[in-house]
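Source file: input-v1.csv (CSV, C-alpha atoms)
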```csv
chain,number,residue,atom,x,y,z
D,220,MET,CA,22.1,3.7,15.8
D,221,SER,CA,22.1,0.1,16.7
D,222,ASP,CA,22.5,-2.9,14.4
D,223,VAL,CA,21.8,-5.5,17.2
D,224,SER,CA,18.4,-6.4,15.7
D,225,ASN,CA,20.0,-7.0,12.3
D,226,ASP,CA,22.7,-9.1,13.9
D,227,GLU,CA,20.1,-11.2,15.7
D,228,VAL,CA,18.2,-11.8,12.4
D,229,LEU,CA,21.3,-12.4,10.3
D,230,GLN,CA,23.8,-14.2,12.5
D,231,ASP,CA,22.5,-17.7,11.6
D,232,LEU,CA,22.7,-17.2,7.9
D,233,PRO,CA,24.9,-19.5,5.9
D,234,TRP,CA,27.6,-16.9,5.3
D,235,PRO,CA,30.1,-18.0,2.6
D,236,GLU,CA,33.1,-19.8,3.9
D,237,PRO,CA,36.5,-18.3,3.0
D,238,GLU,CA,37.7,-19.8,-0.3
D,239,THR,CA,41.2,-21.2,-0.6
D,240,PRO,CA,43.2,-20.2,-3.7
D,241,ARG,CA,44.6,-22.8,-6.0
D,242,ALA,CA,47.4,-24.9,-4.4
D,243,ASP,CA,49.8,-24.3,-7.4
D,244,LEU,CA,49.2,-20.5,-7.0
D,245,GLY,CA,50.0,-20.7,-3.3
D,246,ALA,CA,53.2,-22.7,-4.1
D,247,SER,CA,54.2,-20.1,-6.6
D,248,ILE,CA,53.6,-17.2,-4.2
D,249,VAL,CA,55.5,-18.9,-1.4
D,250,LYS,CA,58.4,-19.7,-3.8
D,251,GLN,CA,58.4,-16.1,-5.0
D,252,CYS,CA,58.5,-14.6,-1.6
D,253,THR,CA,60.9,-16.9,0.1
D,254,GLU,CA,63.6,-17.6,-2.6
D,255,GLY,CA,66.9,-16.2,-1.3
D,256,LEU,CA,65.1,-14.6,1.7
D,257,GLN,CA,67.3,-12.4,3.7
D,258,PRO,CA,66.6,-10.5,7.0
D,259,LYS,CA,65.3,-7.1,6.1
D,260,ARG,CA,64.5,-4.9,9.0
D,261,GLY,CA,63.6,-1.3,8.4
D,262,MET,CA,63.8,1.7,10.8
D,263,THR,CA,61.4,2.0,13.7
D,264,ALA,CA,58.7,4.6,13.5
D,265,LEU,CA,60.5,6.6,16.3
D,266,THR,CA,63.7,6.7,14.3
D,267,ARG,CA,61.9,7.8,11.1
D,268,THR,CA,60.0,10.5,13.1
D,269,ALA,CA,63.2,11.7,14.7
D,270,LEU,CA,65.1,11.8,11.3
D,271,SER,CA,62.2,13.7,9.7
D,272,PHE,CA,62.2,16.3,12.4
D,273,ALA,CA,66.0,16.5,12.3
D,274,LEU,CA,65.9,17.1,8.6
D,275,ALA,CA,63.3,19.9,8.9
D,276,LEU,CA,65.4,21.5,11.7
D,277,GLY,CA,68.6,21.0,9.7
D,278,VAL,CA,67.1,22.8,6.7
D,279,VAL,CA,66.1,25.8,8.9
D,280,LEU,CA,69.5,25.9,10.6
D,281,VAL,CA,71.7,25.5,7.4
D,282,PHE,CA,69.7,27.6,5.0
D,283,GLY,CA,68.1,30.0,7.4
D,284,VAL,CA,69.9,30.7,10.6
D,285,LEU,CA,73.5,30.4,9.2
D,286,SER,CA,72.6,32.7,6.2
D,287,SER,CA,71.0,35.4,8.2
D,288,ALA,CA,73.9,37.1,9.9
D,289,GLN,CA,73.2,40.4,8.1
D,290,ARG,CA,69.8,40.9,9.7
D,291,PRO,CA,69.4,43.2,12.7
D,292,GLU,CA,69.7,41.4,16.0
D,293,GLY,CA,66.2,42.2,17.2
D,294,ALA,CA,64.5,41.1,14.0
D,295,LEU,CA,66.6,37.9,13.9
D,296,ARG,CA,65.7,37.1,17.5
D,297,ALA,CA,62.0,37.6,16.8
D,298,ALA,CA,62.2,35.4,13.7
D,299,LEU,CA,64.0,32.7,15.7
D,300,PHE,CA,61.3,32.7,18.3
D,301,GLY,CA,58.8,32.2,15.6
D,302,ALA,CA,60.9,29.4,14.1
D,303,ALA,CA,61.1,27.7,17.5
D,304,GLY,CA,57.3,27.9,17.9
D,305,TRP,CA,56.7,26.4,14.5
D,306,ALA,CA,59.3,23.7,15.2
D,307,VAL,CA,57.1,22.6,18.0
D,308,VAL,CA,54.1,22.5,15.6
D,309,GLN,CA,56.2,20.4,13.2
D,310,ALA,CA,57.1,18.0,15.9
D,311,LEU,CA,53.4,17.7,16.9
D,312,VAL,CA,52.4,17.2,13.2
D,313,LEU,CA,55.0,14.4,12.9
D,314,ALA,CA,53.9,12.8,16.2
D,315,ALA,CA,50.2,12.9,15.3
D,316,GLY,CA,50.7,12.0,11.7
D,317,PHE,CA,53.4,9.3,11.8
D,318,LEU,CA,54.7,8.2,15.2
D,319,ARG,CA,52.1,5.5,15.8
D,320,PRO,CA,52.1,2.7,13.2
D,321,PRO,CA,49.5,2.8,10.4
D,322,GLY,CA,46.4,1.1,11.7
D,323,ARG,CA,46.9,2.7,15.2
D,324,ARG,CA,47.2,6.3,14.1
D,325,GLY,CA,44.6,8.9,14.8
D,326,GLY,CA,41.5,8.8,12.5
D,327,ALA,CA,41.9,9.9,8.9
D,328,ASN,CA,39.5,12.7,9.5
D,329,LEU,CA,41.5,14.1,12.4
D,330,ARG,CA,44.7,14.0,10.3
D,331,PHE,CA,42.9,15.6,7.4
D,332,VAL,CA,41.8,18.4,9.7
D,333,LEU,CA,45.4,18.8,10.8
D,334,ALA,CA,46.6,19.0,7.1
D,335,VAL,CA,44.1,21.8,6.5
D,336,ALA,CA,44.2,23.7,9.8
D,337,VAL,CA,47.9,24.1,10.2
D,338,PRO,CA,48.5,25.9,6.9
D,339,VAL,CA,45.5,28.2,7.8
D,340,ALA,CA,47.0,28.8,11.2
D,341,PHE,CA,50.4,29.6,9.6
D,342,LEU,CA,48.8,32.2,7.2
D,343,ALA,CA,47.0,33.7,10.2
D,344,TYR,CA,50.3,33.9,12.1
D,345,LEU,CA,52.0,35.6,9.1
D,346,ALA,CA,49.2,38.2,9.0
D,347,PHE,CA,49.7,38.8,12.8
D,348,ALA,CA,53.5,39.1,12.4
D,349,ALA,CA,53.3,41.5,9.4
D,350,SER,CA,54.3,45.1,10.0
D,351,GLU,CA,52.6,46.7,7.0
D,352,GLN,CA,50.0,45.9,4.3
D,353,LEU,CA,49.9,47.4,0.8
D,354,PRO,CA,46.8,47.3,-1.3
D,355,LEU,CA,47.1,44.2,-3.6
D,356,GLY,CA,47.2,46.3,-6.8
D,357,GLU,CA,50.0,48.4,-5.4
D,358,PHE,CA,51.9,45.3,-4.2
D,359,PHE,CA,52.0,43.9,-7.7
D,360,SER,CA,52.6,47.2,-9.5
D,361,ALA,CA,55.4,48.3,-7.1
D,362,SER,CA,57.7,45.4,-8.1
D,363,HIS,CA,57.2,43.7,-4.7
D,364,GLY,CA,55.7,40.8,-6.6
D,365,GLY,CA,59.2,39.8,-8.0
D,366,GLY,CA,60.6,39.7,-4.4
D,367,ALA,CA,57.7,37.5,-3.3
D,368,LEU,CA,58.3,35.2,-6.3
D,369,GLY,CA,62.0,34.9,-5.3
D,370,CYS,CA,61.1,34.1,-1.7
D,371,GLY,CA,58.4,31.7,-2.8
D,372,LEU,CA,60.8,29.7,-5.0
D,373,HIS,CA,63.4,29.5,-2.2
D,374,ALA,CA,60.7,28.5,0.3
D,375,LEU,CA,59.5,25.8,-2.2
D,376,LEU,CA,63.1,24.6,-2.7
D,377,PHE,CA,64.0,24.4,1.0
D,378,GLY,CA,60.6,22.9,1.8
D,379,ALA,CA,61.0,20.3,-1.0
D,380,ILE,CA,64.3,19.2,0.6
D,381,SER,CA,62.6,18.6,4.0
D,382,GLY,CA,59.2,17.3,2.6
D,383,GLY,CA,60.9,15.1,0.0
D,384,GLY,CA,63.2,13.7,2.6
D,385,THR,CA,60.3,12.9,4.9
D,386,LEU,CA,58.4,11.2,2.1
D,387,PHE,CA,61.6,9.2,1.4
D,388,LEU,CA,62.0,8.2,5.0
D,389,TRP,CA,58.4,6.9,5.2
D,390,ARG,CA,58.2,5.4,1.7
D,391,GLY,CA,56.1,2.3,1.4
D,392,THR,CA,54.9,2.4,5.0
D,393,ASP,CA,51.3,3.5,4.7
D,394,PRO,CA,48.7,1.6,2.6
D,395,PHE,CA,45.8,3.1,4.6
D,396,SER,CA,45.8,6.8,4.0
D,397,PRO,CA,49.0,7.6,2.0
D,398,GLY,CA,47.4,10.8,0.6
D,399,ILE,CA,46.9,12.3,4.0
D,400,SER,CA,50.3,11.1,5.3
D,401,GLY,CA,51.8,12.6,2.2
D,402,ALA,CA,50.0,15.9,2.9
D,403,LEU,CA,51.4,15.9,6.4
D,404,ALA,CA,54.9,15.2,5.1
D,405,GLY,CA,54.5,18.1,2.6
D,406,LEU,CA,53.2,20.3,5.4
D,407,VAL,CA,56.2,19.6,7.6
D,408,GLY,CA,58.5,20.4,4.6
D,409,GLY,CA,56.5,23.5,3.7
D,410,LEU,CA,56.7,24.8,7.2
D,411,ALA,CA,60.5,24.2,7.2
D,412,GLY,CA,60.8,26.1,3.9
D,413,ALA,CA,58.6,29.0,5.0
D,414,VAL,CA,60.3,29.3,8.4
D,415,THR,CA,63.7,29.2,6.7
D,416,ILE,CA,62.9,32.0,4.3
D,417,GLY,CA,61.2,33.9,7.2
D,418,VAL,CA,64.4,33.9,9.1
D,419,THR,CA,66.4,35.4,6.2
D,420,CYS,CA,63.9,37.7,4.6
D,421,PRO,CA,63.5,41.2,6.0
D,422,SER,CA,60.1,42.0,4.5
D,423,GLY,CA,57.2,42.5,6.8
D,424,GLU,CA,54.5,43.2,4.2
D,425,THR,CA,51.4,41.0,4.4
D,426,TRP,CA,51.0,40.0,0.8
D,427,HIS,CA,54.7,39.3,0.5
D,428,LEU,CA,54.5,37.0,3.6
D,429,TRP,CA,51.4,35.2,2.4
D,430,LEU,CA,52.5,34.7,-1.3
D,431,GLY,CA,56.2,34.5,-0.8
D,432,HIS,CA,56.4,32.5,2.5
D,433,GLY,CA,53.0,31.0,3.3
D,434,ALA,CA,51.9,29.8,-0.1
D,435,ALA,CA,54.7,27.3,-0.1
D,436,VAL,CA,53.2,25.5,2.9
D,437,ALA,CA,49.9,25.0,1.1
D,438,ALA,CA,51.6,24.1,-2.2
D,439,LEU,CA,53.8,21.5,-0.6
D,440,ALA,CA,51.0,20.0,1.5
D,441,LEU,CA,49.1,19.6,-1.8
D,442,ALA,CA,52.1,18.2,-3.6
D,443,GLY,CA,52.7,15.8,-0.7
D,444,ALA,CA,49.1,14.6,-0.9
D,445,LEU,CA,49.5,13.8,-4.6
D,446,LEU,CA,53.0,12.2,-4.3
D,447,GLY,CA,52.2,10.4,-1.1
D,448,ARG,CA,49.6,8.2,-2.8
D,449,ARG,CA,52.4,6.8,-4.9
D,450,VAL,CA,55.4,7.0,-2.6
D,451,LEU,CA,54.0,6.1,0.8
D,452,SER,CA,51.8,3.2,-0.4
D,453,PRO,CA,53.6,-0.1,-0.5
X,1315,MET,CA,52.9,-4.4,23.6
X,1316,PRO,CA,54.8,-7.7,23.0
X,1317,VAL,CA,53.9,-9.6,19.9
X,1318,LYS,CA,52.9,-13.3,20.4
X,1319,PRO,CA,55.2,-15.5,18.3
X,1320,ASP,CA,52.3,-17.6,16.9
X,1321,SER,CA,50.2,-14.6,16.0
X,1322,ILE,CA,50.2,-13.4,12.4
X,1323,GLU,CA,52.2,-10.4,13.6
X,1324,GLY,CA,54.7,-12.7,15.2
X,1325,LEU,CA,55.0,-14.7,12.0
X,1326,MET,CA,55.5,-11.5,10.0
X,1327,ASP,CA,58.3,-10.5,12.4
X,1328,ARG,CA,60.0,-13.8,11.8
X,1329,TYR,CA,59.5,-13.5,8.1
X,1330,VAL,CA,61.0,-10.0,8.1
X,1331,ASP,CA,64.0,-11.6,10.0
X,1332,GLY,CA,64.5,-14.0,7.1
X,1333,ASP,CA,62.5,-17.1,8.3
X,1334,ALA,CA,61.0,-18.7,5.2
X,1335,ALA,CA,58.9,-21.2,7.1
X,1336,ALA,CA,57.2,-18.3,8.9
X,1337,PHE,CA,56.1,-17.0,5.5
X,1338,ASP,CA,54.6,-20.3,4.6
X,1339,ALA,CA,52.6,-20.3,7.8
X,1340,LEU,CA,51.7,-16.7,7.3
X,1341,TYR,CA,50.4,-17.5,3.8
X,1342,GLN,CA,48.3,-20.4,5.1
X,1343,GLN,CA,46.7,-18.1,7.6
X,1344,LEU,CA,46.2,-15.0,5.5
X,1345,SER,CA,45.4,-16.3,2.0
X,1346,PRO,CA,41.8,-17.6,2.5
X,1347,ARG,CA,40.7,-14.3,4.1
X,1348,LEU,CA,42.6,-12.2,1.6
X,1349,PHE,CA,41.4,-14.3,-1.4
X,1350,GLY,CA,37.8,-14.2,-0.2
X,1351,TYR,CA,38.0,-10.4,0.1
X,1352,LEU,CA,39.5,-10.1,-3.4
X,1353,LEU,CA,37.0,-12.5,-4.9
X,1354,ARG,CA,34.2,-10.4,-3.5
X,1355,LEU,CA,35.8,-7.2,-4.8
X,1356,THR,CA,36.5,-8.4,-8.3
X,1357,ARG,CA,33.8,-11.1,-8.6
X,1358,HIS,CA,36.2,-12.8,-11.0
X,1359,ARG,CA,38.4,-15.7,-9.9
X,1360,GLU,CA,41.3,-15.1,-12.3
X,1361,ARG,CA,41.5,-11.4,-11.4
X,1362,ALA,CA,41.3,-12.3,-7.7
X,1363,GLU,CA,44.2,-14.8,-8.1
X,1364,ASP,CA,46.3,-12.2,-10.0
X,1365,LEU,CA,45.6,-9.6,-7.2
X,1366,LEU,CA,46.5,-12.1,-4.5
X,1367,GLN,CA,49.9,-12.6,-6.2
X,1368,ILE,CA,50.4,-8.9,-6.6
X,1369,THR,CA,49.4,-8.3,-3.0
X,1370,PHE,CA,51.9,-10.8,-1.6
X,1371,SER,CA,54.5,-9.5,-3.9
X,1372,LYS,CA,54.0,-6.0,-2.5
X,1373,VAL,CA,54.0,-7.4,1.1
X,1374,HIS,CA,57.3,-9.1,0.2
X,1375,ARG,CA,58.9,-5.9,-1.2
X,1376,ALA,CA,57.5,-3.7,1.6
X,1377,ARG,CA,58.4,-6.1,4.5
X,1378,ALA,CA,61.2,-3.8,5.7
X,1379,SER,CA,58.7,-0.9,6.1
X,1380,TYR,CA,56.2,-3.0,8.0
X,1381,LEU,CA,56.2,-1.3,11.4
X,1382,ARG,CA,56.6,-3.8,14.2
X,1383,GLY,CA,53.5,-4.0,16.3
X,1384,ALA,CA,51.2,-2.8,13.7
X,1385,PRO,CA,48.1,-5.0,13.2
X,1386,LEU,CA,49.0,-7.1,10.1
X,1387,LEU,CA,45.6,-8.2,8.6
X,1388,PRO,CA,44.3,-4.6,8.1
X,1389,TRP,CA,47.8,-3.7,6.6
X,1390,VAL,CA,47.6,-6.5,4.1
X,1391,LEU,CA,44.0,-5.9,3.3
X,1392,ALA,CA,44.7,-2.2,2.7
X,1393,ILE,CA,47.5,-3.2,0.3
X,1394,ALA,CA,45.1,-5.6,-1.5
X,1395,ARG,CA,42.4,-3.0,-1.7
X,1396,ARG,CA,44.7,-0.4,-3.1
X,1397,SER,CA,46.1,-2.9,-5.7
X,1398,PHE,CA,42.5,-3.6,-6.7
X,1399,TYR,CA,41.6,0.1,-7.3
X,1400,ASP,CA,45.0,0.7,-9.0
X,1401,GLU,CA,44.3,-2.2,-11.3
X,1402,ARG,CA,40.7,-1.1,-12.0
X,1403,ARG,CA,41.8,2.5,-12.7
X,1404,ALA,CA,44.4,1.2,-15.2
X,1405,ALA,CA,41.9,-1.1,-16.8
X,1406,LYS,CA,39.5,1.8,-17.3
X,1407,SER,CA,42.1,3.8,-19.1
X,1408,ARG,CA,42.7,0.9,-21.6
X,1409,THR,CA,40.3,0.9,-24.6
X,1410,GLU,CA,40.2,-2.9,-24.7
X,1411,ASP,CA,40.8,-5.3,-21.9
X,1412,LEU,CA,42.0,-8.6,-23.4
X,1413,SER,CA,42.4,-11.7,-21.3
X,1414,ARG,CA,45.7,-13.5,-21.2
X,1415,ASP,CA,45.0,-15.6,-24.3
X,1416,GLY,CA,44.4,-12.4,-26.3
X,1417,THR,CA,40.6,-12.8,-26.6
X,1418,MET,CA,37.9,-10.4,-25.4
X,1419,PRO,CA,36.8,-11.6,-21.9
X,1420,GLU,CA,33.3,-12.9,-21.6
X,1421,PRO,CA,31.3,-10.9,-19.0
X,1422,LYS,CA,30.2,-13.1,-16.0
X,1423,PRO,CA,26.6,-14.0,-16.8
X,1424,GLU,CA,24.0,-12.6,-14.5
X,1425,PRO,CA,22.3,-15.4,-12.5
X,1426,SER,CA,18.8,-15.9,-13.6
X,1427,GLY,CA,15.7,-17.6,-12.1
X,1428,VAL,CA,14.9,-18.1,-8.5
X,1429,PRO,CA,17.8,-19.0,-6.1
X,1430,ASN,CA,17.7,-22.7,-5.0
X,1431,ASP,CA,18.4,-22.1,-1.3
X,1432,VAL,CA,19.2,-19.4,1.3
X,1433,SER,CA,22.9,-19.8,0.6
X,1434,GLU,CA,22.5,-18.9,-3.1
X,1435,ALA,CA,20.0,-16.1,-2.2
X,1436,LEU,CA,22.6,-14.7,0.2
X,1437,GLU,CA,25.3,-14.9,-2.4
X,1438,ARG,CA,23.1,-13.1,-4.9
X,1439,ALA,CA,22.1,-10.5,-2.4
X,1440,LEU,CA,25.7,-9.8,-1.5
X,1441,ASP,CA,26.6,-9.5,-5.2
X,1442,SER,CA,23.8,-7.1,-5.9
X,1443,MET,CA,24.4,-4.9,-2.9
X,1444,PRO,CA,26.0,-1.4,-3.3
X,1445,GLU,CA,29.8,-1.8,-3.3
X,1446,ASN,CA,30.4,0.3,-0.1
X,1447,TYR,CA,27.9,-1.7,1.9
X,1448,ARG,CA,29.3,-5.0,0.6
X,1449,GLU,CA,32.9,-4.0,1.4
X,1450,ALA,CA,31.9,-3.0,5.0
X,1451,ILE,CA,30.1,-6.3,5.6
X,1452,GLN,CA,32.9,-8.3,3.9
X,1453,LEU,CA,35.5,-6.7,6.2
X,1454,THR,CA,33.6,-6.9,9.5
X,1455,LYS,CA,31.5,-10.0,9.1
X,1456,LEU,CA,33.5,-12.3,6.8
X,1457,THR,CA,37.1,-11.2,7.3
X,1458,GLY,CA,36.8,-10.6,11.0
X,1459,LEU,CA,38.1,-7.0,11.3
X,1460,SER,CA,36.9,-4.8,14.1
X,1461,VAL,CA,34.9,-1.7,13.1
X,1462,ASN,CA,37.9,0.5,13.8
X,1463,GLU,CA,40.2,-1.7,11.6
X,1464,ALA,CA,37.7,-1.8,8.8
X,1465,ALA,CA,37.5,2.0,9.0
X,1466,GLU,CA,41.2,2.2,8.6
X,1467,VAL,CA,41.2,-0.1,5.6
X,1468,LEU,CA,38.3,1.8,4.0
X,1469,GLY,CA,39.8,5.2,4.8
X,1470,THR,CA,36.7,6.4,6.6
X,1471,SER,CA,35.4,6.8,10.1
X,1472,PRO,CA,34.1,4.0,12.4
X,1473,THR,CA,30.7,5.6,12.4
X,1474,ALA,CA,30.5,5.5,8.6
X,1475,VAL,CA,31.5,1.8,8.7
X,1476,LYS,CA,28.7,1.1,11.3
X,1477,LEU,CA,26.2,2.9,9.1
X,1478,ARG,CA,27.3,1.0,6.0
X,1479,VAL,CA,27.1,-2.4,7.8
X,1480,HIS,CA,23.6,-1.4,9.2
X,1481,ARG,CA,22.3,-0.4,5.8
X,1482,GLY,CA,23.9,-3.5,4.2
X,1483,TYR,CA,22.1,-5.7,6.7
X,1484,ASN,CA,18.8,-4.0,6.0
X,1485,PHE,CA,19.4,-4.6,2.3
X,1486,LEU,CA,20.2,-8.3,2.9
X,1487,ARG,CA,17.2,-8.7,5.2
X,1488,LYS,CA,14.8,-7.3,2.5
X,1489,GLU,CA,16.4,-9.5,-0.3
X,1490,LEU,CA,16.1,-12.6,1.9
X,1491,GLU,CA,12.5,-11.8,2.9
X,1492,ARG,CA,11.7,-11.5,-0.8
X,1493,PHE,CA,13.3,-14.9,-1.4
X,1494,GLN,CA,11.4,-16.5,1.4
X,1495,ARG,CA,8.1,-15.1,0.1
X,1496,GLY,CA,8.9,-16.9,-3.1
```
Could you write out this structure as structure tokens?
Amino acid sequence: MSDVSNDEVLQDLPWPEPETPRADLGASIVKQCTEGLQPKRGMTALTRTALSFALALGVVLVFGVLSSAQRPEGALRAALFGAAGWAVVQALVLAAGFLRPPGRRGGANLRFVLAVAVPVAFLAYLAFAASEQLPLGEFFSASHGGGALGCGLHALLFGAISGGGTLFLWRGTDPFSPGISGALAGLVGGLAGAVTIGVTCPSGETWHLWLGHGAAVAALALAGALLGRRVLSP
Amino acid sequence: MPVKPDSIEGLMDRYVDGDAAAFDALYQQLSPRLFGYLLRLTRHRERAEDLLQITFSKVHRARASYLRGAPLLPWVLAIARRSFYDERRAAKSRTEDLSRDGTMPEPKPEPSGVPNDVSEALERALDSMPENYREAIQLTKLTGLSVNEAAEVLGTSPTAVKLRVHRGYNFLRKELERFQRG
């Protein structure tokens, strides 16, 4: 597609000149924005990214690793390997989603794909890591559902600490695509919550892992998208 | 990449550091482009002035979260655009939208008759153009953003912006040909 021909035809048109707002309005705005002006320097993008990552890691360490002493060593080691792998994914999501300033970040479409693809990949990972699978009807009738609900609530709580902290750290920074940035913040938090509960929970049943651990990732990404529009936009 | 002190990004840096004179200069540079954009979005002078004030007020409050090195004009335009859509959404949810003196606002009369010159024909064509084409042309042609920057402000891809500009130009060309044929 080319718009060269259009440019050639239209470049000499009398395009409207920029209009100047009323002088008294300008004076009022300048007064409002400069009265008692003090230096106000926020954190750099790198600092915010590092703190967001540290918060996610801290949630996993404090609520997951330190509370999982009763798990068999082999199972704990496997869970920690998984947690380390997902920490790398969290770091990549933060780097791709936040590290560069708004206006220089990757395209909105790319970041949207990330917000959708990572939860899907996490659910696939849980299916791969599961050691047994009950039929869905049996899962709900055999009181496994209650255990999944407990895990789900804990995953949401831990995830909300990390995701909420990330939203707080980045508040007011993104007028361009705050919904997508919010989804990515929620995603990082959701992964932290799911990984935390994954380190402490001994269940290897697929539905339990999906509903009790994985659903929190999708739920927090969605909540982040909704909250981000308000919190991340200046 | 180092920021030039006399660029709008440099002025913003000085403003964030507490330099009031830098804000004055920043306002002089930003306000015509911002006001032109808001005027085209709202097609109502008073609303555009209100939104200009709201936008600068948000810029003032959010200055600590402005990330050094980020392009400033798209950042400010995105704040203005979001303020416009927030205000429009809020207005839609009100049953009556009274003007500041408490009366019902008069709708802007549609221009009638044949435009007097190309300038007027162009203004009318821009006003009657679909909103997404108009915004793409406004940002790239009149405000001076690059296609990538306009895509960021509009929350879409550069390809979509190019397509909107292309279709907008076609729309303008047809309208102006119709004017020239009389």
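Distances from X:Asp1431, X:Asp1338, X:Glu1323, X:Glu1360 to chain D were compared using only C-alpha atoms, and the smallest one belongs to X:Asp1338.
The space between CA of Leu1387 (chain X) and CA of Glu254 (chain D) spans 23.2 Å.
You will find CA of Arg324 (chain D) at 24.2 Å from CA of Leu1456 (chain X).
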The residue from D:Gly401, D:Ala435, D:Gly423, D:Leu244 with the smallest atom-to-atom distance to Ala1362 (chain X), counting only C-alpha atoms, is D:Leu244
Write out, as CSV, each residue of chain D that has an atom at most 6 Å from chain X, together with the closest pair of atoms and their distance in Å to one decimal, counting all atoms listed in the file, rows going by chain and rising number.
```
residue,atom,partner,partner_atom,distance
D:Asp222,CA,X:His1480,CA,5.5
D:Pro233,CA,X:Ser1433,CA,5.7
D:Pro237,CA,X:Gly1350,CA,5.4
D:Glu238,CA,X:Pro1346,CA,5.4
D:Thr239,CA,X:Pro1346,CA,4.8
D:Cys252,CA,X:His1374,CA,5.9
D:Thr253,CA,X:Ala1334,CA,5.4
D:Leu256,CA,X:Gly1332,CA,5.5
D:Gln257,CA,X:Gly1332,CA,4.7
D:Pro258,CA,X:Gly1332,CA,4.1
D:Lys259,CA,X:Ala1378,CA,5.3
D:Arg260,CA,X:Ala1378,CA,4.8
D:Gly261,CA,X:Ala1378,CA,4.4
D:Pro320,CA,X:Ala1384,CA,5.6
D:Thr392,CA,X:Ser1379,CA,5.2
D:Pro394,CA,X:Ile1393,CA,5.5
D:Phe395,CA,X:Val1467,CA,5.7
D:Pro453,CA,X:Ala1376,CA,5.7
```
Worksheet entry | Long-range neighbours of Gly316 (chain D) as an MDAnalysis selection string, 7 Å cut-off, all atoms listed in the file, 6 positions minimum in chain | chainID D and resid 330 400 403
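Here CA of Ser286 (chain D) stands at a distance of 16.7 Å from CA of Gly301 (chain D).
Distances from D:Leu270, D:Ile248, D:Val335, D:Val278 to Ala379 (chain D) were compared using only C-alpha atoms, and the smallest one belongs to D:Val278.
Remark: for Arg1438 (chain X), the closest of the candidate residues X:Arg1354, X:Phe1398, X:Ala1450, X:Pro1319 is X:Arg1354 (distances computed over all atoms listed in the file).
The protein and nucleic acid residues lying at most 9 Å from Trp429 (chain D) are D:Leu342, D:Leu345, D:Ala346, D:Ala367, D:Glu424, D:Thr425, D:Trp426, D:His432, D:Gly433, D:Ala434, D:Ala435, with only C-alpha atoms considered and sequence neighbours fewer than 3 positions away removed.
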